[in-house]
Amino acid sequence: MLDIACFSCIIKRVMSKNIKFAAIMPHPPILVPQIGGKRLKEAEKSKNALEKVAKQLKSLEKEIDVLIIITPHGDVSTVSVPIYASHVYEGNFSQFGMPKPVFSFKGDPALAREIAKEAEKNGINSSLIMETILDHGILVPLYYPYSVGFKKPLVPIAISFMRLTDLYAFGKAMAKGVENSGKRVAIIASADMSHRLTPGAPSGFSPKGKEFDEKLVELVKANDVEGILNFDPVLAEEAGQDSLWSIAILLGALEGYGAVPEVLSYEGPFGVGYMVANYQLPIINKQTISNDQ
């Protein structure tokens, strides 16, 4: 039997957490129905999984104040983590043949500043940027939740080509900044996997592409944080991936939450690997308390 005083501490710690939802979502524009058209049938697993994530987010809308989204595109850096701090954002898919509609979003510069402040306190390089145009690494993951009516202010964050352990540390600081702000957030790590799965893939073919994807899917399923942070850099480079950086930040933010990963889908129909995963956060309720006491 768990000590009542100890259990009360656990309850307080879990219920005070500010991250209410977390997921890994791919960002190929072909998953947007108006762009993919008939070819979207070839990515049915990803489409169905993204719809599921969207419904989950929508069901939690009243518990979420801000959506943080981490992109491996946009204003990426090599020396600091770029944190978008504008009041408004917009973007479209014109480079993919879909100039309309133009999507617009509110920002939360106060939360962006709080995250940057906490990163600085922990010796992690970050930079506040005033970019207002969103890239497809942000817009594609947002398409599905926003299409079902989920609309919250954004804090976009671009990745930096730092060591994964440094990005993990930034994620921890980000979570602390969120806690300091009192805001309740959802976090999405925008992440495509290998771009070299087939001879016609965007970055050419490498047999290491499949190896990378299979290994990363298994590491996520196993919640093997150390395995992800110490991923073989040679294999990652050969695979032509853009997933490890944003996932490392997400995992740092989730440290201490007891989050349980669930891989909802994986496929690579167009030579690029797409994984959709969410993280179940612990729920403490009166029935649980009664049973353990």
# chains A, B, ... in the order shown; residues from 1 in each chain; ligands from 1
>>> residues_around(residues="Gln95 (chain A)", least_positions_apart="3", cutoff="12 Å", atoms="only C-alpha atoms", output="PDB file with N, CA and C atoms, in the first residue's frame")
ATOM      1  N   PRO A  29       3.313  18.056 -47.283  1.00  0.00           N
ATOM      2  CA  PRO A  29       2.141  18.760 -47.807  1.00  0.00           C
ATOM      3  C   PRO A  29       1.139  17.849 -48.510  1.00  0.00           C
ATOM      4  N   ILE A  35      -4.071  19.247 -51.616  1.00  0.00           N
ATOM      5  CA  ILE A  35      -2.799  19.078 -52.312  1.00  0.00           C
ATOM      6  C   ILE A  35      -2.607  17.627 -52.743  1.00  0.00           C
ATOM      7  N   GLY A  91       0.300  31.976 -43.111  1.00  0.00           N
ATOM      8  CA  GLY A  91       1.019  31.150 -44.067  1.00  0.00           C
ATOM      9  C   GLY A  91       0.058  30.456 -45.006  1.00  0.00           C
ATOM     10  N   ASN A  92       0.576  29.956 -46.123  1.00  0.00           N
ATOM     11  CA  ASN A  92      -0.245  29.186 -47.058  1.00  0.00           C
ATOM     12  C   ASN A  92       0.636  28.142 -47.737  1.00  0.00           C
ATOM     13  N   MET A  98      -1.196  25.618 -53.792  1.00  0.00           N
ATOM     14  CA  MET A  98      -2.425  25.940 -53.071  1.00  0.00           C
ATOM     15  C   MET A  98      -2.266  27.306 -52.388  1.00  0.00           C
ATOM     16  N   PRO A  99      -2.405  28.404 -53.152  1.00  0.00           N
ATOM     17  CA  PRO A  99      -2.197  29.733 -52.575  1.00  0.00           C
ATOM     18  C   PRO A  99      -3.291  30.176 -51.614  1.00  0.00           C
ATOM     19  N   LYS A 100      -4.453  29.587 -51.733  1.00  0.00           N
ATOM     20  CA  LYS A 100      -5.560  29.934 -50.844  1.00  0.00           C
ATOM     21  C   LYS A 100      -6.132  28.661 -50.232  1.00  0.00           C
ATOM     22  N   ASP A 135       6.170  28.134 -42.018  1.00  0.00           N
ATOM     23  CA  ASP A 135       6.594  27.167 -43.020  1.00  0.00           C
ATOM     24  C   ASP A 135       5.697  25.933 -42.988  1.00  0.00           C
ATOM     25  N   HIS A 136       5.892  25.026 -43.965  1.00  0.00           N
ATOM     26  CA  HIS A 136       5.034  23.849 -44.035  1.00  0.00           C
ATOM     27  C   HIS A 136       5.292  22.870 -42.892  1.00  0.00           C
TER      28      HIS A 136
END
>>> residues_around(residues="Gly182 (chain A)", least_positions_apart="2", cutoff="10 Å", atoms="only C-alpha atoms", output="list in words")
Ser16, Lys17, Asn18, Asp65, Leu111, Lys176, Gly177, Val178, Glu179, Asn180, Arg184 and Val185 of chain A
>>> write_last_selection(atoms="C-alpha atoms", output="compact mmCIF listing (two decimals), in the first residue's frame")
# COMPACT_ATOMS: atom_id res chain seq x y z
CA SER A 16 0.25 20.93 -11.31
CA LYS A 17 1.87 20.06 -14.63
CA ASN A 18 1.12 22.45 -17.46
CA ASP A 65 -4.21 27.91 -23.62
CA LEU A 111 5.13 32.90 -23.29
CA LYS A 176 9.86 25.27 -16.85
CA GLY A 177 9.12 28.50 -18.72
CA VAL A 178 5.62 27.22 -19.43
CA GLU A 179 5.16 26.40 -15.74
CA ASN A 180 6.38 29.87 -14.74
CA ARG A 184 -1.50 25.21 -20.13
CA VAL A 185 -0.04 23.95 -23.37
>>> closest_residue(among="A:Met25, A:Ile19, A:Leu197, A:Ile129", to="Ser246 (chain A)", atoms="only C-alpha atoms")
A:Met25
>>> residues_around(residues="Arg163 (chain A)", least_positions_apart="6", cutoff="12 Å", atoms="only C-alpha atoms", output="mmCIF file with C-alpha atoms, in the first residue's frame")
data_model
loop_
_atom_site.group_PDB
_atom_site.id
_atom_site.type_symbol
_atom_site.label_atom_id
_atom_site.label_comp_id
_atom_site.auth_asym_id
_atom_site.auth_seq_id
_atom_site.Cartn_x
_atom_site.Cartn_y
_atom_site.Cartn_z
ATOM 1 C CA THR A 78 23.187 26.256 -35.754
ATOM 2 C CA VAL A 79 23.982 28.213 -32.587
ATOM 3 C CA SER A 80 20.695 28.915 -30.781
ATOM 4 C CA VAL A 81 17.104 27.721 -30.634
ATOM 5 C CA ILE A 124 21.072 27.312 -23.273
ATOM 6 C CA ALA A 169 17.966 20.486 -22.069
ATOM 7 C CA PHE A 170 16.203 23.259 -23.977
ATOM 8 C CA ILE A 228 17.038 8.577 -28.994
ATOM 9 C CA LEU A 229 19.433 11.158 -27.541
ATOM 10 C CA ASN A 230 22.399 8.905 -28.352
ATOM 11 C CA PHE A 231 21.177 7.908 -31.801
ATOM 12 C CA ASP A 232 23.965 6.969 -34.218
ATOM 13 C CA PRO A 233 24.717 10.274 -36.019
ATOM 14 C CA LEU A 244 15.532 13.740 -34.141
ATOM 15 C CA TRP A 245 15.959 17.446 -33.317
ATOM 16 C CA SER A 246 12.299 18.268 -32.713
ATOM 17 C CA ALA A 248 14.606 15.653 -28.561
ATOM 18 C CA ILE A 249 13.044 18.984 -27.554
#
>>> residues_around(residues="Glu262 (chain A)", least_positions_apart="2", cutoff="7 Å", atoms="only C-alpha atoms", output="list in words")
Lys221, Val260, Leu264, Ala277, Asn278 and Tyr279 of chain A
>>> closest_residue(among="A:Leu235, A:Ala189, A:Val225, A:Ile115", to="Glu211 (chain A)", atoms="only C-alpha atoms")
A:Leu235
>>> closest_residue(among="A:Ser104, A:Ser77, A:Gln241, A:Gln56", to="Ala22 (chain A)", atoms="only C-alpha atoms")
A:Gln56
>>> select_by_dssp(residues="region 37-240 of chain A", states="strand (DSSP E or B)", output="PyMOL selection string")
chain A and resi 66-71+77+81-84+88-93+98-107+126-129+133+154-158+160+185-190+192
>>> write_last_selection(atoms="C-alpha atoms", output="PDB file, in the first residue's frame")
ATOM      1  CA  VAL A  66      -1.380  27.752 -26.164  1.00  0.00           C
ATOM      2  CA  LEU A  67      -0.048  25.326 -28.767  1.00  0.00           C
ATOM      3  CA  ILE A  68       3.742  25.049 -28.999  1.00  0.00           C
ATOM      4  CA  ILE A  69       4.920  23.575 -32.285  1.00  0.00           C
ATOM      5  CA  ILE A  70       8.527  22.640 -33.042  1.00  0.00           C
ATOM      6  CA  THR A  71       9.557  22.737 -36.701  1.00  0.00           C
ATOM      7  CA  SER A  77      19.849  27.832 -36.533  1.00  0.00           C
ATOM      8  CA  VAL A  81      17.104  27.721 -30.634  1.00  0.00           C
ATOM      9  CA  PRO A  82      14.848  30.226 -32.454  1.00  0.00           C
ATOM     10  CA  ILE A  83      11.645  31.054 -30.555  1.00  0.00           C
ATOM     11  CA  TYR A  84       8.983  32.905 -32.541  1.00  0.00           C
ATOM     12  CA  VAL A  88       0.275  37.147 -35.271  1.00  0.00           C
ATOM     13  CA  TYR A  89       1.305  34.573 -37.883  1.00  0.00           C
ATOM     14  CA  GLU A  90       0.134  33.547 -41.298  1.00  0.00           C
ATOM     15  CA  GLY A  91       1.019  31.150 -44.067  1.00  0.00           C
ATOM     16  CA  ASN A  92      -0.245  29.186 -47.058  1.00  0.00           C
ATOM     17  CA  PHE A  93       0.748  26.338 -49.335  1.00  0.00           C
ATOM     18  CA  MET A  98      -2.425  25.940 -53.071  1.00  0.00           C
ATOM     19  CA  PRO A  99      -2.197  29.733 -52.575  1.00  0.00           C
ATOM     20  CA  LYS A 100      -5.560  29.934 -50.844  1.00  0.00           C
ATOM     21  CA  PRO A 101      -6.680  29.974 -48.159  1.00  0.00           C
ATOM     22  CA  VAL A 102      -4.173  32.004 -46.198  1.00  0.00           C
ATOM     23  CA  PHE A 103      -4.111  30.619 -42.667  1.00  0.00           C
ATOM     24  CA  SER A 104      -3.787  33.090 -39.799  1.00  0.00           C
ATOM     25  CA  PHE A 105      -2.994  32.502 -36.139  1.00  0.00           C
ATOM     26  CA  LYS A 106      -2.518  34.499 -32.969  1.00  0.00           C
ATOM     27  CA  GLY A 107       0.796  34.341 -31.153  1.00  0.00           C
ATOM     28  CA  SER A 126      18.049  30.696 -27.711  1.00  0.00           C
ATOM     29  CA  SER A 127      16.903  33.696 -29.699  1.00  0.00           C
ATOM     30  CA  LEU A 128      13.609  35.548 -29.964  1.00  0.00           C
ATOM     31  CA  ILE A 129      12.691  36.138 -33.603  1.00  0.00           C
ATOM     32  CA  ILE A 133       5.363  33.642 -42.006  1.00  0.00           C
ATOM     33  CA  LEU A 154       0.822  29.547 -31.162  1.00  0.00           C
ATOM     34  CA  VAL A 155       4.411  29.649 -30.017  1.00  0.00           C
ATOM     35  CA  PRO A 156       6.401  28.200 -32.949  1.00  0.00           C
ATOM     36  CA  ILE A 157       9.938  27.061 -32.227  1.00  0.00           C
ATOM     37  CA  ALA A 158      12.483  26.158 -34.910  1.00  0.00           C
ATOM     38  CA  SER A 160      18.818  24.202 -33.940  1.00  0.00           C
ATOM     39  CA  VAL A 185      -0.040  23.950 -23.369  1.00  0.00           C
ATOM     40  CA  ALA A 186      -0.101  21.291 -26.038  1.00  0.00           C
ATOM     41  CA  ILE A 187       3.191  20.484 -27.777  1.00  0.00           C
ATOM     42  CA  ILE A 188       3.638  19.103 -31.288  1.00  0.00           C
ATOM     43  CA  ALA A 189       7.002  17.940 -32.595  1.00  0.00           C
ATOM     44  CA  SER A 190       6.841  18.257 -36.379  1.00  0.00           C
ATOM     45  CA  ASP A 192       9.438  13.596 -41.014  1.00  0.00           C
TER      46      ASP A 192
END
>>> closest_residue(among="A:Phe96, A:Tyr274, A:Phe21, A:Tyr146", to="His195 (chain A)", atoms="only C-alpha atoms")
A:Tyr274
>>> atom_distance(atom1="CA of Val272 (chain A)", atom2="CA of Thr198 (chain A)")
8.1 Å
>>> residues_around(residues="Asn223 (chain A)", least_positions_apart="4", cutoff="9 Å", atoms="only C-alpha atoms", output="CSV table (one decimal) with C-alpha atoms, in the first residue's frame")
chain,number,residue,atom,x,y,z
A,218,GLU,CA,11.0,1.1,-31.9
A,219,LEU,CA,12.8,3.7,-29.7
A,227,GLY,CA,18.5,5.6,-27.1
A,228,ILE,CA,17.0,8.6,-29.0
A,259,ALA,CA,4.2,10.2,-20.4
A,260,VAL,CA,3.5,6.9,-22.2
A,261,PRO,CA,4.0,6.9,-26.0
>>> residues_around(residues="Ser194 (chain A)", least_positions_apart="3", cutoff="8 Å", atoms="only C-alpha atoms", output="list in words")
Leu197, Gly209, Lys210, Phe212, Asp213, Ala239, Gly240, Gln241, Asp242, Gly271, Val272 and Gly273 of chain A
>>> write_last_selection(atoms="C-alpha atoms", output="JSON list (two decimals), in the first residue's frame")
[["chain", "number", "residue", "atom", "x", "y", "z"],
["A", 197, "LEU", "CA", 13.38, 5.08, -48.49],
["A", 209, "GLY", "CA", 16.70, 4.93, -44.63],
["A", 210, "LYS", "CA", 14.59, 1.93, -43.68],
["A", 212, "PHE", "CA", 16.81, 4.47, -39.43],
["A", 213, "ASP", "CA", 13.02, 4.54, -39.50],
["A", 239, "ALA", "CA", 18.97, 8.42, -43.74],
["A", 240, "GLY", "CA", 18.37, 12.07, -44.61],
["A", 241, "GLN", "CA", 16.02, 12.63, -41.68],
["A", 242, "ASP", "CA", 14.58, 15.73, -40.02],
["A", 271, "GLY", "CA", 9.96, 7.60, -50.18],
["A", 272, "VAL", "CA", 9.68, 9.59, -46.93],
["A", 273, "GLY", "CA", 8.86, 8.06, -43.55]]
>>> decode(residues="region 94-219 of chain A", atoms="C-alpha atoms", output="PDB file, in the first residue's frame")
ATOM      1  CA  SER A  94       1.403  28.443 -52.443  1.00  0.00           C
ATOM      2  CA  GLN A  95       4.724  26.708 -53.137  1.00  0.00           C
ATOM      3  CA  PHE A  96       2.740  23.463 -53.357  1.00  0.00           C
ATOM      4  CA  GLY A  97       0.091  24.836 -55.719  1.00  0.00           C
ATOM      5  CA  MET A  98      -2.425  25.940 -53.071  1.00  0.00           C
ATOM      6  CA  PRO A  99      -2.197  29.733 -52.575  1.00  0.00           C
ATOM      7  CA  LYS A 100      -5.560  29.934 -50.844  1.00  0.00           C
ATOM      8  CA  PRO A 101      -6.680  29.974 -48.159  1.00  0.00           C
ATOM      9  CA  VAL A 102      -4.173  32.004 -46.198  1.00  0.00           C
ATOM     10  CA  PHE A 103      -4.111  30.619 -42.667  1.00  0.00           C
ATOM     11  CA  SER A 104      -3.787  33.090 -39.799  1.00  0.00           C
ATOM     12  CA  PHE A 105      -2.994  32.502 -36.139  1.00  0.00           C
ATOM     13  CA  LYS A 106      -2.518  34.499 -32.969  1.00  0.00           C
ATOM     14  CA  GLY A 107       0.796  34.341 -31.153  1.00  0.00           C
ATOM     15  CA  ASP A 108       1.795  34.486 -27.487  1.00  0.00           C
ATOM     16  CA  PRO A 109       4.941  36.623 -27.254  1.00  0.00           C
ATOM     17  CA  ALA A 110       4.771  36.683 -23.448  1.00  0.00           C
ATOM     18  CA  LEU A 111       5.133  32.903 -23.292  1.00  0.00           C
ATOM     19  CA  ALA A 112       7.901  33.019 -25.900  1.00  0.00           C
ATOM     20  CA  ARG A 113       9.834  35.492 -23.743  1.00  0.00           C
ATOM     21  CA  GLU A 114       9.319  33.352 -20.632  1.00  0.00           C
ATOM     22  CA  ILE A 115      10.733  30.302 -22.418  1.00  0.00           C
ATOM     23  CA  ALA A 116      13.743  32.290 -23.651  1.00  0.00           C
ATOM     24  CA  LYS A 117      14.319  33.652 -20.162  1.00  0.00           C
ATOM     25  CA  GLU A 118      14.342  30.180 -18.651  1.00  0.00           C
ATOM     26  CA  ALA A 119      16.652  28.878 -21.382  1.00  0.00           C
ATOM     27  CA  GLU A 120      19.097  31.713 -20.636  1.00  0.00           C
ATOM     28  CA  LYS A 121      18.995  30.920 -16.911  1.00  0.00           C
ATOM     29  CA  ASN A 122      20.029  27.371 -17.749  1.00  0.00           C
ATOM     30  CA  GLY A 123      22.853  28.389 -20.070  1.00  0.00           C
ATOM     31  CA  ILE A 124      21.072  27.312 -23.273  1.00  0.00           C
ATOM     32  CA  ASN A 125      21.386  29.539 -26.322  1.00  0.00           C
ATOM     33  CA  SER A 126      18.049  30.696 -27.711  1.00  0.00           C
ATOM     34  CA  SER A 127      16.903  33.696 -29.699  1.00  0.00           C
ATOM     35  CA  LEU A 128      13.609  35.548 -29.964  1.00  0.00           C
ATOM     36  CA  ILE A 129      12.691  36.138 -33.603  1.00  0.00           C
ATOM     37  CA  MET A 130       9.881  38.201 -35.096  1.00  0.00           C
ATOM     38  CA  GLU A 131       9.205  36.027 -38.153  1.00  0.00           C
ATOM     39  CA  THR A 132       5.480  35.990 -38.986  1.00  0.00           C
ATOM     40  CA  ILE A 133       5.363  33.642 -42.006  1.00  0.00           C
ATOM     41  CA  LEU A 134       4.922  29.990 -41.103  1.00  0.00           C
ATOM     42  CA  ASP A 135       6.594  27.167 -43.020  1.00  0.00           C
ATOM     43  CA  HIS A 136       5.034  23.849 -44.035  1.00  0.00           C
ATOM     44  CA  GLY A 137       6.706  22.147 -41.078  1.00  0.00           C
ATOM     45  CA  ILE A 138       4.207  24.093 -38.978  1.00  0.00           C
ATOM     46  CA  LEU A 139       1.254  24.418 -41.316  1.00  0.00           C
ATOM     47  CA  VAL A 140       0.860  20.726 -42.221  1.00  0.00           C
ATOM     48  CA  PRO A 141       0.620  19.455 -38.609  1.00  0.00           C
ATOM     49  CA  LEU A 142      -1.746  22.318 -37.803  1.00  0.00           C
ATOM     50  CA  TYR A 143      -4.034  21.558 -40.755  1.00  0.00           C
ATOM     51  CA  TYR A 144      -5.853  18.618 -39.173  1.00  0.00           C
ATOM     52  CA  PRO A 145      -6.559  20.042 -35.669  1.00  0.00           C
ATOM     53  CA  TYR A 146      -7.506  23.429 -37.065  1.00  0.00           C
ATOM     54  CA  SER A 147      -9.804  21.823 -39.643  1.00  0.00           C
ATOM     55  CA  VAL A 148     -11.898  20.399 -36.770  1.00  0.00           C
ATOM     56  CA  GLY A 149     -12.090  23.761 -35.027  1.00  0.00           C
ATOM     57  CA  PHE A 150      -9.159  23.654 -32.614  1.00  0.00           C
ATOM     58  CA  LYS A 151      -7.854  27.211 -32.549  1.00  0.00           C
ATOM     59  CA  LYS A 152      -5.412  28.392 -29.947  1.00  0.00           C
ATOM     60  CA  PRO A 153      -2.527  30.893 -29.993  1.00  0.00           C
ATOM     61  CA  LEU A 154       0.822  29.547 -31.162  1.00  0.00           C
ATOM     62  CA  VAL A 155       4.411  29.649 -30.017  1.00  0.00           C
ATOM     63  CA  PRO A 156       6.401  28.200 -32.949  1.00  0.00           C
ATOM     64  CA  ILE A 157       9.938  27.061 -32.227  1.00  0.00           C
ATOM     65  CA  ALA A 158      12.483  26.158 -34.910  1.00  0.00           C
ATOM     66  CA  ILE A 159      15.119  23.551 -34.271  1.00  0.00           C
ATOM     67  CA  SER A 160      18.818  24.202 -33.940  1.00  0.00           C
ATOM     68  CA  PHE A 161      21.489  21.812 -35.201  1.00  0.00           C
ATOM     69  CA  MET A 162      22.884  21.391 -31.713  1.00  0.00           C
ATOM     70  CA  ARG A 163      23.647  18.143 -29.941  1.00  0.00           C
ATOM     71  CA  LEU A 164      20.479  16.234 -29.133  1.00  0.00           C
ATOM     72  CA  THR A 165      21.318  16.388 -25.444  1.00  0.00           C
ATOM     73  CA  ASP A 166      21.431  20.199 -25.649  1.00  0.00           C
ATOM     74  CA  LEU A 167      18.046  20.273 -27.373  1.00  0.00           C
ATOM     75  CA  TYR A 168      16.695  17.982 -24.658  1.00  0.00           C
ATOM     76  CA  ALA A 169      17.966  20.486 -22.069  1.00  0.00           C
ATOM     77  CA  PHE A 170      16.203  23.259 -23.977  1.00  0.00           C
ATOM     78  CA  GLY A 171      12.990  21.207 -23.828  1.00  0.00           C
ATOM     79  CA  LYS A 172      13.320  20.991 -20.042  1.00  0.00           C
ATOM     80  CA  ALA A 173      13.816  24.750 -19.838  1.00  0.00           C
ATOM     81  CA  MET A 174      10.840  25.248 -22.149  1.00  0.00           C
ATOM     82  CA  ALA A 175       8.632  23.225 -19.807  1.00  0.00           C
ATOM     83  CA  LYS A 176       9.862  25.272 -16.846  1.00  0.00           C
ATOM     84  CA  GLY A 177       9.116  28.496 -18.718  1.00  0.00           C
ATOM     85  CA  VAL A 178       5.616  27.224 -19.426  1.00  0.00           C
ATOM     86  CA  GLU A 179       5.163  26.402 -15.744  1.00  0.00           C
ATOM     87  CA  ASN A 180       6.381  29.869 -14.739  1.00  0.00           C
ATOM     88  CA  SER A 181       3.860  31.453 -17.105  1.00  0.00           C
ATOM     89  CA  GLY A 182       0.934  29.495 -15.677  1.00  0.00           C
ATOM     90  CA  LYS A 183      -0.173  28.654 -19.219  1.00  0.00           C
ATOM     91  CA  ARG A 184      -1.499  25.213 -20.131  1.00  0.00           C
ATOM     92  CA  VAL A 185      -0.040  23.950 -23.369  1.00  0.00           C
ATOM     93  CA  ALA A 186      -0.101  21.291 -26.038  1.00  0.00           C
ATOM     94  CA  ILE A 187       3.191  20.484 -27.777  1.00  0.00           C
ATOM     95  CA  ILE A 188       3.638  19.103 -31.288  1.00  0.00           C
ATOM     96  CA  ALA A 189       7.002  17.940 -32.595  1.00  0.00           C
ATOM     97  CA  SER A 190       6.841  18.257 -36.379  1.00  0.00           C
ATOM     98  CA  ALA A 191       9.002  15.452 -37.747  1.00  0.00           C
ATOM     99  CA  ASP A 192       9.438  13.596 -41.014  1.00  0.00           C
ATOM    100  CA  MET A 193      11.743  10.598 -40.929  1.00  0.00           C
ATOM    101  CA  SER A 194      14.073   9.260 -43.615  1.00  0.00           C
ATOM    102  CA  HIS A 195      13.805  10.967 -47.008  1.00  0.00           C
ATOM    103  CA  ARG A 196      15.663   8.096 -48.708  1.00  0.00           C
ATOM    104  CA  LEU A 197      13.378   5.078 -48.494  1.00  0.00           C
ATOM    105  CA  THR A 198      12.972   4.403 -52.232  1.00  0.00           C
ATOM    106  CA  PRO A 199      14.887   5.093 -55.463  1.00  0.00           C
ATOM    107  CA  GLY A 200      12.452   7.900 -56.278  1.00  0.00           C
ATOM    108  CA  ALA A 201      12.680   9.521 -52.834  1.00  0.00           C
ATOM    109  CA  PRO A 202      13.311  13.294 -52.568  1.00  0.00           C
ATOM    110  CA  SER A 203      16.885  12.807 -51.345  1.00  0.00           C
ATOM    111  CA  GLY A 204      17.695   9.703 -53.364  1.00  0.00           C
ATOM    112  CA  PHE A 205      17.821   6.130 -52.095  1.00  0.00           C
ATOM    113  CA  SER A 206      19.789   4.615 -49.235  1.00  0.00           C
ATOM    114  CA  PRO A 207      19.184   1.239 -47.569  1.00  0.00           C
ATOM    115  CA  LYS A 208      19.986   3.033 -44.324  1.00  0.00           C
ATOM    116  CA  GLY A 209      16.699   4.928 -44.633  1.00  0.00           C
ATOM    117  CA  LYS A 210      14.588   1.934 -43.682  1.00  0.00           C
ATOM    118  CA  GLU A 211      17.039   0.981 -40.933  1.00  0.00           C
ATOM    119  CA  PHE A 212      16.811   4.467 -39.432  1.00  0.00           C
ATOM    120  CA  ASP A 213      13.020   4.544 -39.498  1.00  0.00           C
ATOM    121  CA  GLU A 214      12.589   1.089 -37.993  1.00  0.00           C
ATOM    122  CA  LYS A 215      15.023   1.895 -35.200  1.00  0.00           C
ATOM    123  CA  LEU A 216      13.463   5.259 -34.349  1.00  0.00           C
ATOM    124  CA  VAL A 217       9.917   3.832 -34.333  1.00  0.00           C
ATOM    125  CA  GLU A 218      11.025   1.132 -31.893  1.00  0.00           C
ATOM    126  CA  LEU A 219      12.816   3.654 -29.663  1.00  0.00           C
TER     127      LEU A 219
END
